[in-house]
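Pasting run_12.txt here (compact mmCIF, C-alpha atoms):
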# COMPACT_ATOMS: atom_id res chain seq x y z
CA MET F 28 15.60 -31.47 5.12
CA THR F 29 14.89 -29.51 1.93
CA GLY F 30 11.89 -28.78 -0.21
CA PHE F 31 12.43 -32.00 -2.15
CA TRP F 32 11.85 -34.32 0.79
CA GLY F 33 10.94 -34.21 4.44
CA SER F 34 8.72 -35.73 7.08
CA ASP F 35 6.34 -32.75 7.17
CA LEU F 36 4.19 -32.99 4.06
CA ALA F 37 2.55 -29.60 4.60
CA GLY F 38 5.94 -27.91 5.00
CA VAL F 39 7.30 -29.57 1.87
CA ALA F 40 4.22 -28.54 -0.14
CA ALA F 41 4.46 -24.95 1.12
CA THR F 42 8.17 -24.81 0.23
CA TRP F 43 7.51 -26.14 -3.26
CA ILE F 44 4.66 -23.71 -3.90
CA ALA F 45 6.71 -20.75 -2.67
CA ALA F 46 9.72 -21.80 -4.76
CA LEU F 47 7.70 -22.33 -7.95
CA VAL F 48 5.93 -18.98 -7.59
CA THR F 49 9.28 -17.26 -7.02
CA VAL F 50 10.70 -18.89 -10.15
CA ALA F 51 7.56 -17.89 -12.08
CA VAL F 52 7.98 -14.25 -11.07
CA TRP F 53 11.67 -14.23 -11.93
CA SER F 54 10.94 -15.81 -15.34
CA TYR F 55 9.95 -12.31 -16.49
CA LEU F 56 13.65 -11.44 -16.48
CA LEU F 57 14.15 -14.07 -19.21
CA GLY F 58 11.25 -12.80 -21.31
CA GLU F 59 8.73 -15.45 -20.24
CA ARG F 60 5.54 -13.47 -19.74
CA ARG F 61 3.04 -16.31 -19.38
CA LEU F 62 4.37 -17.62 -16.08
CA PHE F 63 4.76 -14.07 -14.79
CA GLU F 64 1.17 -13.21 -15.73
CA LEU F 65 0.00 -16.41 -14.04
CA ALA F 66 1.78 -15.34 -10.85
CA GLN F 67 0.22 -11.87 -11.16
CA HIS F 68 -3.27 -13.34 -11.50
CA LEU F 69 -2.61 -15.64 -8.55
CA LEU F 70 -1.53 -12.69 -6.39
CA ALA F 71 -4.48 -10.54 -7.47
CA GLY F 72 -6.95 -13.35 -6.88
CA LEU F 73 -5.61 -14.25 -3.46
CA ALA F 74 -5.41 -10.61 -2.37
CA THR F 75 -8.95 -9.89 -3.59
CA GLY F 76 -10.35 -12.98 -1.89
CA TYR F 77 -8.58 -12.15 1.36
CA LEU F 78 -9.83 -8.54 1.33
CA VAL F 79 -13.40 -9.63 0.56
CA LEU F 80 -13.33 -12.19 3.35
CA LEU F 81 -11.86 -9.62 5.73
CA ALA F 82 -14.51 -7.04 4.81
CA VAL F 83 -17.33 -9.53 5.27
CA ARG F 84 -16.14 -11.03 8.55
CA GLU F 85 -14.76 -7.90 10.21
CA VAL F 86 -17.04 -5.13 8.90
CA LEU F 87 -20.24 -6.16 7.13
CA LEU F 88 -21.38 -8.94 9.43
CA PRO F 89 -20.44 -7.63 12.92
CA ARG F 90 -21.01 -3.91 12.26
CA LEU F 91 -23.85 -3.87 9.75
CA ALA F 92 -25.82 -7.10 9.40
CA GLU F 93 -25.81 -8.34 13.00
CA PRO F 94 -26.85 -4.97 14.58
CA LEU F 95 -29.70 -4.62 12.06
CA VAL F 96 -30.94 -8.15 12.71
CA ARG F 97 -30.62 -7.84 16.48
CA ASP F 98 -32.21 -4.38 16.90
CA PRO F 99 -33.51 -2.81 13.67
CA LEU F 100 -35.21 0.15 15.35
CA GLY F 101 -32.23 0.94 17.57
CA ASN F 102 -29.86 0.93 14.60
CA ILE F 103 -32.05 2.72 12.08
CA LEU F 104 -29.07 4.82 10.90
CA LEU F 105 -27.46 1.67 9.52
CA VAL F 106 -30.25 1.21 6.98
CA PRO F 107 -28.82 3.83 4.52
CA ALA F 108 -25.43 2.15 4.85
CA ALA F 109 -27.00 -1.21 4.00
CA VAL F 110 -28.70 0.34 0.97
CA LEU F 111 -25.40 1.83 -0.23
CA VAL F 112 -23.61 -1.50 0.22
CA GLY F 113 -26.35 -3.28 -1.72
CA ALA F 114 -26.14 -0.72 -4.53
CA LEU F 115 -22.38 -1.18 -4.77
CA ALA F 116 -22.71 -4.95 -4.72
CA GLY F 117 -25.25 -4.84 -7.55
CA ALA F 118 -23.55 -2.08 -9.52
CA ARG F 119 -23.08 -4.36 -12.51
CA TRP F 120 -26.82 -4.81 -12.99
CA LEU F 121 -28.23 -1.50 -11.70
CA PRO F 122 -28.67 1.73 -13.74
CA ARG F 123 -25.80 4.18 -13.65
CA GLN F 124 -27.90 6.83 -11.92
CA VAL F 125 -28.53 4.48 -9.02
CA VAL F 126 -24.87 3.51 -8.65
CA ALA F 127 -23.57 7.09 -8.91
CA LEU F 128 -24.57 8.04 -5.36
CA PRO F 129 -22.85 5.20 -3.46
CA VAL F 130 -19.76 5.53 -5.66
CA ALA F 131 -19.63 9.27 -4.95
CA VAL F 132 -19.98 8.64 -1.22
CA LEU F 133 -17.23 6.00 -1.36
CA VAL F 134 -14.81 8.16 -3.35
CA GLY F 135 -15.51 11.28 -1.29
CA GLY F 136 -15.18 9.46 2.02
CA THR F 137 -11.95 7.77 0.94
CA ALA F 138 -10.48 11.06 -0.29
CA ALA F 139 -11.44 12.86 2.92
CA PHE F 140 -9.99 10.05 5.03
CA ALA F 141 -6.74 10.06 3.04
CA LEU F 142 -6.44 13.87 3.16
CA GLY F 143 -7.16 13.97 6.88
CA GLY F 144 -4.64 11.21 7.50
CA ALA F 145 -2.01 13.04 5.44
CA VAL F 146 -2.55 16.29 7.34
CA ALA F 147 -2.79 14.76 10.82
CA GLY F 148 -0.24 12.00 10.31
CA THR F 149 2.36 13.66 8.08
CA LEU F 150 2.08 17.42 7.68
CA LEU F 151 1.41 18.40 11.29
CA PRO F 152 4.07 16.06 12.79
CA GLN F 153 6.54 17.33 10.18
CA ALA F 154 5.76 20.93 11.09
CA ALA F 155 6.03 20.11 14.81
CA SER F 156 9.39 18.41 14.35
CA SER F 157 10.63 21.45 12.41
CA LEU F 158 10.06 23.84 15.31
CA VAL F 159 13.24 25.12 16.85
CA ARG F 160 13.45 23.87 20.44
CA PRO F 161 15.70 25.37 23.10
CA GLY F 162 18.85 23.43 23.74
CA GLY F 163 22.46 23.24 22.71
CA PRO F 164 23.90 24.57 19.45
CA ASP F 165 23.37 21.24 17.69
CA THR F 166 19.70 21.13 18.63
CA VAL F 167 19.09 24.70 17.47
CA ALA F 168 21.01 24.13 14.21
CA ASN F 169 19.09 20.94 13.43
CA GLY F 170 15.80 22.70 14.14
CA LEU F 171 16.70 25.63 11.89
CA VAL F 172 17.75 23.32 9.04
CA GLY F 173 14.56 21.28 9.36
CA LEU F 174 12.41 24.40 9.50
CA GLY F 175 14.14 25.87 6.44
CA ILE F 176 13.78 22.70 4.36
CA THR F 177 10.13 22.24 5.33
CA SER F 178 9.33 25.89 4.55
CA LEU F 179 11.05 25.76 1.15
CA VAL F 180 9.27 22.54 0.14
CA LEU F 181 5.89 23.96 1.17
CA VAL F 182 6.59 27.14 -0.82
CA GLY F 183 7.36 24.94 -3.83
CA PHE F 184 3.73 23.75 -3.81
CA LEU F 185 2.34 27.29 -4.23
CA HIS F 186 0.88 27.39 -7.73
CA GLY F 187 -1.07 30.16 -9.39
CA VAL F 188 0.08 32.78 -6.87
CA PRO F 189 2.02 35.87 -8.01
CA ARG F 190 5.62 35.48 -6.90
CA SER F 191 8.48 37.85 -6.47
CA ARG F 192 12.00 36.93 -7.49
CA ILE F 193 12.77 35.78 -3.94
CA MET F 194 9.65 33.62 -3.73
CA GLY F 195 10.36 32.14 -7.16
CA GLY F 196 13.88 31.19 -6.07
CA ALA F 197 12.57 29.73 -2.82
CA ALA F 198 9.99 27.68 -4.74
CA GLY F 199 12.67 26.39 -7.11
CA ALA F 200 14.90 25.43 -4.20
CA GLY F 201 11.94 23.70 -2.54
CA ARG F 202 11.27 21.63 -5.67
CA TRP F 203 14.91 20.59 -5.87
CA LEU F 204 14.85 19.59 -2.21
CA LEU F 205 11.69 17.61 -2.87
CA LEU F 206 13.36 15.84 -5.78
CA GLY F 207 16.34 15.06 -3.56
CA GLY F 208 14.06 13.59 -0.92
CA ILE F 209 12.24 11.48 -3.51
CA GLY F 210 15.58 10.28 -4.86
CA GLY F 211 16.72 9.27 -1.38
CA TRP F 212 13.45 7.46 -0.79
CA LEU F 213 13.78 5.61 -4.11
CA GLY F 214 17.35 4.65 -3.21
CA PHE F 215 16.19 3.28 0.13
CA LEU F 216 13.41 1.40 -1.68
CA LEU F 217 15.91 -0.10 -4.12
CA VAL F 218 18.21 -1.26 -1.31
CA SER F 219 15.27 -2.81 0.56
CA ARG F 220 14.18 -4.66 -2.60
CA LEU F 221 17.71 -5.94 -3.11
CA SER F 222 17.60 -7.36 0.41
CA LEU F 223 14.38 -9.15 -0.56
CA VAL F 224 16.13 -10.60 -3.63
CA VAL F 225 18.97 -11.88 -1.46
CA ASP F 226 16.42 -13.39 0.93
CA ARG F 227 14.63 -15.15 -1.95
CA LEU F 228 17.95 -16.48 -3.26
CA GLY F 229 18.76 -17.83 0.19
CA PHE F 230 15.34 -19.47 0.31
CA LEU F 231 15.77 -21.15 -3.08
CA LEU F 232 19.33 -22.31 -2.45
CA GLY F 233 18.81 -23.25 1.18
CA ASP F 234 15.27 -24.23 2.08
CA TRP F 235 14.37 -25.56 -1.37
CA LEU F 236 17.53 -27.01 -2.92
CA GLY F 237 19.54 -27.49 0.25
CA LEU F 238 22.72 -26.18 -1.39
CA ALA F 239 23.38 -23.35 1.08
CA ARG F 240 22.98 -23.58 4.83

Show me the file's structure as structure tokens.
Amino acid sequence: MTGFWGSDLAGVAATWIAALVTVAVWSYLLGERRLFELAQHLLAGLATGYLVLLAVREVLLPRLAEPLVRDPLGNILLVPAAVLVGALAGARWLPRQVVALPVAVLVGGTAAFALGGAVAGTLLPQAASSLVRPGGPDTVANGLVGLGITSLVLVGFLHGVPRSRIMGGAAGAGRWLLLGGIGGWLGFLLVSRLSLVVDRLGFLLGDWLGLAR
């Protein structure tokens, strides 16, 4: 059974659609931009529709509309949220002064959530893992190396503060360590994307064309 024929019509259609979209994306490598742009628009449209449906079904209806309809007086604090949502939904037709407030609340809340998540989910665990714990020589050495690297990278982010020659050297070393970490992350990202390319090739040659099993 391949994508060209099979007893399961839905499976054959799904295989064909996936194969054609993959070929459309890869056509960019040959200079064909129209098919690639069509695939981009398809991805953006599907992602936007899915996110809108998810927001409506999982957030707006169960957490905003239904509580207000069921008990308006008991959920009076949800009324400002409903007003902000309505202002954002009608931003295209409302005056800019009216839309500025909900947009500011949205941007500020998102920034605060992202900053809090970065501090609580990344910076604090990184600092905790850098603490030197008692143990054997290997444990102490690993802790010291981690603590030194973390301290140097953090010093590299100090801007606008008078620095001595030692602090300037530490900041430079921290920036180089940061660049090394970014390079390693980009290398890992490249290898993971190559594995996706191999997987797509296996899909086209195996599931679609039936040439490789």

Atom CA of Leu171 of chain F sits from atom CA of Ala141 of chain F at a separation of 29.5 Å

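In this structure, atom CA of Ala51 of chain F sits 5.5 Å away from atom CA of Phe63 of chain F.
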
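For the pair atom CA of Val106 of chain F and atom CA of Ala139 of chain F, the interatomic distance is 22.5 Å.
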
Around the point (-22.5, -2.2, 11.6) (coordinates from the file), which residues reach within 12 Å if we count only C-alpha atoms? Answer as a list in words.
Ala82, Val83, Arg84, Glu85, Val86, Leu87, Leu88, Pro89, Arg90, Leu91, Ala92, Glu93, Pro94, Leu95, Val96, Arg97, Asp98, Pro99, Gly101, Asn102, Ile103, Leu104, Leu105, Val106, Pro107, Ala108, Ala109 and Val112 of chain F

At a cut-off of 10 Å, using only C-alpha atoms, what residues contact Leu205 of chain F? Leave out same-chain residues fewer than 2 positions from it and give the result as a PDB file with C-alpha atoms, in the frame of the given file.
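Written out: selection20.pdb:
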ATOM      1  CA  ILE F 176      13.780  22.700   4.360  1.00  0.00           C
ATOM      2  CA  THR F 177      10.130  22.240   5.330  1.00  0.00           C
ATOM      3  CA  LEU F 179      11.050  25.760   1.150  1.00  0.00           C
ATOM      4  CA  VAL F 180       9.270  22.540   0.140  1.00  0.00           C
ATOM      5  CA  LEU F 181       5.890  23.960   1.170  1.00  0.00           C
ATOM      6  CA  GLY F 183       7.360  24.940  -3.830  1.00  0.00           C
ATOM      7  CA  GLY F 199      12.670  26.390  -7.110  1.00  0.00           C
ATOM      8  CA  ALA F 200      14.900  25.430  -4.200  1.00  0.00           C
ATOM      9  CA  GLY F 201      11.940  23.700  -2.540  1.00  0.00           C
ATOM     10  CA  ARG F 202      11.270  21.630  -5.670  1.00  0.00           C
ATOM     11  CA  TRP F 203      14.910  20.590  -5.870  1.00  0.00           C
ATOM     12  CA  GLY F 207      16.340  15.060  -3.560  1.00  0.00           C
ATOM     13  CA  GLY F 208      14.060  13.590  -0.920  1.00  0.00           C
ATOM     14  CA  ILE F 209      12.240  11.480  -3.510  1.00  0.00           C
ATOM     15  CA  GLY F 210      15.580  10.280  -4.860  1.00  0.00           C
ATOM     16  CA  GLY F 211      16.720   9.270  -1.380  1.00  0.00           C
TER      17      GLY F 211
END

Nearby residues (all atoms listed in the file) at most 10 Å from Leu238 of chain F, same-chain spacing under 4 positions excluded, as number ranges by chain:
F: 29, 229, 231-234

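Neighbours of Gln67 of chain F closer than or equal to 10 Å, with all atoms listed in the file counted and sequence neighbours fewer than 5 positions away skipped, come out as Val48, Ala51, Val52, Arg61, Leu62, Gly72 and Leu73 of chain F.
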